[in-house]
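Here the structure is laid out as structure tokens; the discussion comes afterwards.
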Amino acid sequence: MGGGLAGAGLAGLGLVTCSSPLEPEETPGALTPPSRALQIVVVGAGVSGLVAAFELSRAGHDVTVLEARERVGGRVLTLRSPFAPGHFAEAGAARIPPEHDLTLGYARHFGLQLDRFYPEDGLFLRVRSGERATVPPSSFLSDWPDFVKIRGGTDRLPAAFANGLDRSVITAAPVTEIAAGAGNTARTTTSDGRNYLSDRVLVTVPVPLLSTIRFSPPLSAAKTEAMNGGFHYQSATRVFVRFRSRFWETDDLNGWGTTDWPEELWHPTWDAPGPEGVLLTYVRGKRADELDALDEEARVARVLAHWEEFLPGAAGHVATGTSHSWQRDPWSRAAWAEPTPTQDSELGSPLARPEGPVHFAGEHISGARGWMNGALESGLRAAREMHES
């Protein structure tokens with residue numbers, strides 16, 4: 001996922017941070033025991049929904065998480081196939097900036113190990129106007145903060161949340177209806193006709209997916225405008241190629257770089273053993289849309305043809321390839337929220353506002369859109385909102 005700071009529309013939401021070291025049993029978003037335990041349904045097992053459910057459950061509330069996919073994590077997706085054993089690559093959230101204290105705090109709480117995201121040796125590529133240049137690590141990395149990654153894959157973080165929730169997460173359960181009832185209660189219905197009664201519902205799905213749920217009463221005019229296309233989201237696609245050998249190392253390249261396609265070139269297996277390696281292209285916007293118009297085989301072929309311009313002979317080392325488009329993912333429909341300043345000013349705060357017993361969270365209503373830290377921040381805000389109600 002990408003990242004960007006939210007604008008004026010999120011002012012006054014009470015963002016949660018954790019700047020001090022944590023004891024092993026502590027969490028960045030711990031809640032005090034409630035005066036009354038609530039029954040709470042969380043819609044969506046992405047990072048925002050999972051952290052809210054985790055902290056609400058730890059505080060003593062009765063929480064059920066309903067997830068449309070057959071997995072948890074949302075836009076955290078670690079691919080382990082079709083790569084060599086022990087190799088993996090991230091289709092979604094991958095790198096953690098040093099100031100993202102919520103993400104780092106929960107990683108510490110769950111005992112997850114962190115590694116450098118970028119290598120500190122080998123040459124980085126920089127391609128401009130067809131000209132290939134190599135850049136030493138000291139120069140290339142000066143443009144990037146000290147990113148880290150979760151050892152073993154980013155999906156270990158949502159998995160840790162889900163494990164902490166025991167049997168409270170129900171997958172393959174798309175929500176089709178949320179109806180507010182008398183006495184500030186709600187009924188949530190899934191596609192198989194099951195009903196879940198609760199005191200509160202927390203909806204954490206991306207804004208475009210709000211239109212797939214029937215709300216009774218209907219959502220506010222602002223939320224309706226946003227879910228019908230009035231709140232812009234960014235496109236992002238990654239194409240992964242498994243190579244039989246790390247041929248680029250013969251030129252002392254480390255497999256990382258940038259081009260004016262535009263793209264980021266990543267080598268996610270740079271610190272993994274074995275002769276094979278995986279390179280990926282990370283593109284956004286119009287270039288992502290261009291690749292999305294192709295089928296999988298043509299998408300990989302298009303990227304390889306492009307790479308031949310600055311990695312000649314790459315096609316001769318290919319084992320296989322794959323890709324992931326967040327726009328084509330039916331339970332995301334886009335990569336991350338990137339509203340215009342006007343959209344943010346007019347719709348940002350209304351998107352976070354509860355409607356009766358129904359509350360809302362997600363990276364789209366956070367101070368760090370496109371990052372796990374934003375999803376965590378928003379989920380904790382909503383959890384505290386329900387807890388204190």
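We label chains A, B, ... in the order they appear in the structure tokens, count residues from 1 in each chain, and number ligands from 1 in the order shown.
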
Query - DSSP-assigned alpha helix (DSSP H) among region 177-292 of chain A, expressed as a count of residues only - result: 13

Per residue of region 105-158 of chain A within 9 Å of region 242-258 of chain A, what are the shortest atom pair and its distance in Å to one decimal, counting only C-alpha atoms, with rows by chain and residue number, as a Markdown table?
| residue | atom | partner | partner_atom | distance |
| --- | --- | --- | --- | --- |
| A:Tyr118 | CA | A:Trp256 | CA | 8.2 |
| A:Pro119 | CA | A:Asn254 | CA | 7.6 |
| A:Asp121 | CA | A:Asn254 | CA | 7.3 |
| A:Gly122 | CA | A:Asn254 | CA | 4.8 |
| A:Leu123 | CA | A:Leu253 | CA | 4.6 |
| A:Phe124 | CA | A:Gly257 | CA | 5.1 |
| A:Leu125 | CA | A:Gly257 | CA | 4.3 |
| A:Arg126 | CA | A:Thr258 | CA | 5.1 |
| A:Val127 | CA | A:Thr258 | CA | 6.4 |
| A:Arg128 | CA | A:Thr258 | CA | 8.8 |
| A:Thr134 | CA | A:Leu253 | CA | 8.0 |
| A:Val135 | CA | A:Gly257 | CA | 8.7 |
| A:Phe140 | CA | A:Gly257 | CA | 8.4 |

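Interatomic distance, CA of Asp260 (chain A) against CA of Thr320 (chain A): 25.1 Å.
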
Query - Using only C-alpha atoms: which of A:Ile178, A:Ala221, A:Val203, A:Ala334 has the shortest distance to Gln234 (chain A) - result: A:Ala334

Query - Best match for closeness to Arg200 (chain A) among A:Pro273, A:Pro217, A:Gly181, A:Pro82, counting only C-alpha atoms - result: A:Gly181

Would you mind listing, for every residue of region 174-293 of chain A within 12 Å of region 343-351 of chain A, the two atoms forming the shortest contact and the distance between them in Å to one decimal, using only C-alpha atoms, sorted by chain and ascending residue number, as CSV?
residue,atom,partner,partner_atom,distance
A:Val203,CA,A:Leu351,CA,10.7
A:Thr204,CA,A:Leu351,CA,10.9
A:Val205,CA,A:Leu351,CA,11.7
A:Pro206,CA,A:Leu351,CA,10.8
A:Val207,CA,A:Leu351,CA,8.6
A:Leu210,CA,A:Leu351,CA,10.8
A:Leu219,CA,A:Leu351,CA,10.0
A:Ser220,CA,A:Pro350,CA,8.4
A:Ala221,CA,A:Pro350,CA,9.3
A:Ala222,CA,A:Leu347,CA,6.0
A:Lys223,CA,A:Leu351,CA,5.8
A:Thr224,CA,A:Leu351,CA,9.5
A:Glu225,CA,A:Leu347,CA,8.5
A:Ala226,CA,A:Leu347,CA,7.0
A:Met227,CA,A:Leu351,CA,9.7
A:Gly229,CA,A:Gln343,CA,10.6
A:Gly230,CA,A:Gln343,CA,7.1
A:Phe231,CA,A:Gln343,CA,6.1
A:His232,CA,A:Gln343,CA,7.9
A:Tyr233,CA,A:Gln343,CA,11.2

Export of prior selection with N, CA and C atoms as a compact mmCIF listing (two decimals), in the first residue's frame:
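That gives us selection_4.txt:
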# COMPACT_ATOMS: atom_id res chain seq x y z
N VAL A 203 -18.34 -1.00 11.01
CA VAL A 203 -18.14 -1.26 9.59
C VAL A 203 -16.77 -0.74 9.19
N THR A 204 -15.90 -1.64 8.70
CA THR A 204 -14.53 -1.25 8.38
C THR A 204 -14.17 -1.48 6.91
N VAL A 205 -15.16 -1.74 6.06
CA VAL A 205 -14.87 -2.03 4.65
C VAL A 205 -14.49 -0.74 3.94
N PRO A 206 -13.73 -0.83 2.83
CA PRO A 206 -13.44 0.36 2.03
C PRO A 206 -14.71 1.05 1.57
N VAL A 207 -14.64 2.35 1.36
CA VAL A 207 -15.81 3.14 0.99
C VAL A 207 -16.56 2.58 -0.22
N LEU A 210 -19.28 0.02 0.65
CA LEU A 210 -20.48 0.36 1.42
C LEU A 210 -21.74 0.17 0.58
N LEU A 219 -27.86 5.23 4.85
CA LEU A 219 -26.76 6.05 5.33
C LEU A 219 -26.99 7.52 5.02
N SER A 220 -26.25 8.37 5.71
CA SER A 220 -26.35 9.81 5.52
C SER A 220 -26.02 10.19 4.08
N ALA A 221 -26.40 11.40 3.70
CA ALA A 221 -26.14 11.89 2.35
C ALA A 221 -24.66 11.92 2.05
N ALA A 222 -23.83 12.28 3.04
CA ALA A 222 -22.38 12.35 2.82
C ALA A 222 -21.80 10.97 2.55
N LYS A 223 -22.17 9.98 3.35
CA LYS A 223 -21.66 8.63 3.12
C LYS A 223 -22.17 8.08 1.79
N THR A 224 -23.41 8.38 1.44
CA THR A 224 -23.97 7.92 0.17
C THR A 224 -23.21 8.52 -1.00
N GLU A 225 -22.90 9.80 -0.91
CA GLU A 225 -22.11 10.45 -1.96
C GLU A 225 -20.73 9.81 -2.09
N ALA A 226 -20.11 9.56 -0.94
CA ALA A 226 -18.76 8.97 -0.95
C ALA A 226 -18.77 7.58 -1.57
N MET A 227 -19.72 6.73 -1.18
CA MET A 227 -19.71 5.34 -1.65
C MET A 227 -20.13 5.23 -3.11
N GLY A 229 -18.90 6.97 -5.51
CA GLY A 229 -17.82 7.49 -6.35
C GLY A 229 -17.34 8.87 -5.97
N GLY A 230 -17.86 9.44 -4.91
CA GLY A 230 -17.48 10.79 -4.52
C GLY A 230 -16.25 10.89 -3.66
N PHE A 231 -15.58 9.77 -3.42
CA PHE A 231 -14.39 9.75 -2.56
C PHE A 231 -13.33 8.94 -3.29
N HIS A 232 -12.31 9.62 -3.80
CA HIS A 232 -11.38 8.99 -4.72
C HIS A 232 -10.47 7.98 -4.04
N TYR A 233 -10.22 6.87 -4.76
CA TYR A 233 -9.28 5.84 -4.34
C TYR A 233 -8.19 5.70 -5.39

Query raised in the report: Residues at most 10 Å from Gly86 (chain A), counting only C-alpha atoms, excluding those fewer than 3 positions away in the same chain, as a ChimeraX atom specification?
Result: /A:80-81,83,152,269,272-274

Could you turn the residues from that selection into a file that holds C-alpha atoms, as a PDB file, in the first residue's frame?
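Below is the file out-v8.pdb, written as the result:
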ATOM      1  CA  ARG A  80       3.926 -17.576  -1.137  1.00  0.00           C
ATOM      2  CA  SER A  81       2.981 -19.165  -4.444  1.00  0.00           C
ATOM      3  CA  PHE A  83       7.549 -19.014  -5.567  1.00  0.00           C
ATOM      4  CA  GLY A 152       8.238 -14.045   7.621  1.00  0.00           C
ATOM      5  CA  THR A 269      13.819 -12.213  -1.757  1.00  0.00           C
ATOM      6  CA  ALA A 272      16.220 -15.111   1.424  1.00  0.00           C
ATOM      7  CA  PRO A 273      18.451 -18.125   0.681  1.00  0.00           C
ATOM      8  CA  GLY A 274      18.650 -20.071  -2.546  1.00  0.00           C
TER       9      GLY A 274
END

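Picture a line from CA of Pro218 (chain A) to CA of Ala179 (chain A); it runs 9.1 Å.
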
Residues within 12 Å of Arg194 (chain A), only C-alpha atoms, excluding chain neighbours under 3 positions, as a PDB file with N, CA and C atoms, in the first residue's frame:
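Final output, selection33.pdb:
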ATOM      1  N   LEU A  66     -17.081 -10.529  11.052  1.00  0.00           N
ATOM      2  CA  LEU A  66     -17.597 -11.135   9.828  1.00  0.00           C
ATOM      3  C   LEU A  66     -16.754 -10.661   8.650  1.00  0.00           C
ATOM      4  N   ILE A 170     -15.332 -15.025  11.672  1.00  0.00           N
ATOM      5  CA  ILE A 170     -16.049 -15.892  10.738  1.00  0.00           C
ATOM      6  C   ILE A 170     -15.715 -15.432   9.322  1.00  0.00           C
ATOM      7  N   ALA A 173     -18.077 -14.830   4.891  1.00  0.00           N
ATOM      8  CA  ALA A 173     -19.382 -14.385   5.390  1.00  0.00           C
ATOM      9  C   ALA A 173     -19.630 -12.933   4.976  1.00  0.00           C
ATOM     10  N   PRO A 174     -19.878 -12.678   3.669  1.00  0.00           N
ATOM     11  CA  PRO A 174     -20.144 -11.309   3.229  1.00  0.00           C
ATOM     12  C   PRO A 174     -21.409 -10.757   3.889  1.00  0.00           C
ATOM     13  N   VAL A 175     -21.327  -9.534   4.365  1.00  0.00           N
ATOM     14  CA  VAL A 175     -22.488  -8.879   4.975  1.00  0.00           C
ATOM     15  C   VAL A 175     -23.320  -8.223   3.881  1.00  0.00           C
ATOM     16  N   THR A 176     -24.631  -8.479   3.909  1.00  0.00           N
ATOM     17  CA  THR A 176     -25.528  -7.930   2.899  1.00  0.00           C
ATOM     18  C   THR A 176     -26.464  -6.864   3.447  1.00  0.00           C
ATOM     19  N   GLU A 177     -26.687  -6.870   4.769  1.00  0.00           N
ATOM     20  CA  GLU A 177     -27.638  -5.908   5.337  1.00  0.00           C
ATOM     21  C   GLU A 177     -27.273  -5.591   6.775  1.00  0.00           C
ATOM     22  N   ILE A 178     -27.428  -4.317   7.140  1.00  0.00           N
ATOM     23  CA  ILE A 178     -27.285  -3.873   8.527  1.00  0.00           C
ATOM     24  C   ILE A 178     -28.500  -3.010   8.845  1.00  0.00           C
ATOM     25  N   ARG A 187     -29.141  -5.412  13.700  1.00  0.00           N
ATOM     26  CA  ARG A 187     -29.148  -6.761  13.134  1.00  0.00           C
ATOM     27  C   ARG A 187     -28.282  -6.744  11.885  1.00  0.00           C
ATOM     28  N   THR A 188     -27.318  -7.637  11.856  1.00  0.00           N
ATOM     29  CA  THR A 188     -26.416  -7.754  10.711  1.00  0.00           C
ATOM     30  C   THR A 188     -26.686  -9.086  10.024  1.00  0.00           C
ATOM     31  N   THR A 189     -26.913  -9.045   8.706  1.00  0.00           N
ATOM     32  CA  THR A 189     -27.265 -10.246   7.944  1.00  0.00           C
ATOM     33  C   THR A 189     -26.166 -10.555   6.945  1.00  0.00           C
ATOM     34  N   THR A 190     -25.789 -11.833   6.844  1.00  0.00           N
ATOM     35  CA  THR A 190     -24.782 -12.251   5.879  1.00  0.00           C
ATOM     36  C   THR A 190     -25.448 -12.914   4.677  1.00  0.00           C
ATOM     37  N   SER A 191     -24.670 -13.182   3.641  1.00  0.00           N
ATOM     38  CA  SER A 191     -25.217 -13.676   2.378  1.00  0.00           C
ATOM     39  C   SER A 191     -25.868 -15.040   2.502  1.00  0.00           C
ATOM     40  N   LEU A 197     -27.413 -10.370  16.047  1.00  0.00           N
ATOM     41  CA  LEU A 197     -27.950  -9.256  16.817  1.00  0.00           C
ATOM     42  C   LEU A 197     -26.858  -8.704  17.722  1.00  0.00           C
TER      43      LEU A 197
END

Report summary line: One decimal place gives the CA of Trp331 (chain A)-CA of Phe147 (chain A) separation as 27.9 Å

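Closest approach to Asp146 (chain A) among A:Pro97, A:Pro341, A:Gly321, A:Pro312 is made by A:Pro97 (distances from only C-alpha atoms).
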
Query raised in the report: Which of region 64-293 of chain A counts as strand (DSSP E or B) under DSSP, as an NGL selection string please?
Result: :A and (64-66 or 73 or 78-79 or 89-90 or 96 or 114-116 or 123-128 or 131-135 or 148-150 or 169-170 or 175-180 or 186-190 or 195-198 or 200-203 or 214-216 or 233-234 or 236-243 or 253-259 or 263-266 or 277-284)

Query raised in the report: Which is closest to Leu112 (chain A) among A:Arg287, A:His100, A:Arg156, A:Arg214, if we use only C-alpha atoms?
Result: A:Arg156

Requested in this report: May I have the residues within 12 Å of His306 (chain A) as a PyMOL selection string, using only C-alpha atoms and disregarding those fewer than 6 positions away in the same chain?
Outcome: chain A and resi 127+130+259-263+265+281+291+299-300+312-315

Requested in this report: Find the residues near Ala186 (chain A): any atom within 12 Å, counting only C-alpha atoms, skip ones fewer than 3 places away on the same chain, and give them as a count of residues only.
Outcome: 29

**Report entry** Residue contacts of Ala335 (chain A) (6 Å, only C-alpha atoms) excluding same-chain residues fewer than 2 positions away, as a PyMOL selection string
**Finding:** chain A and resi 234-236+326
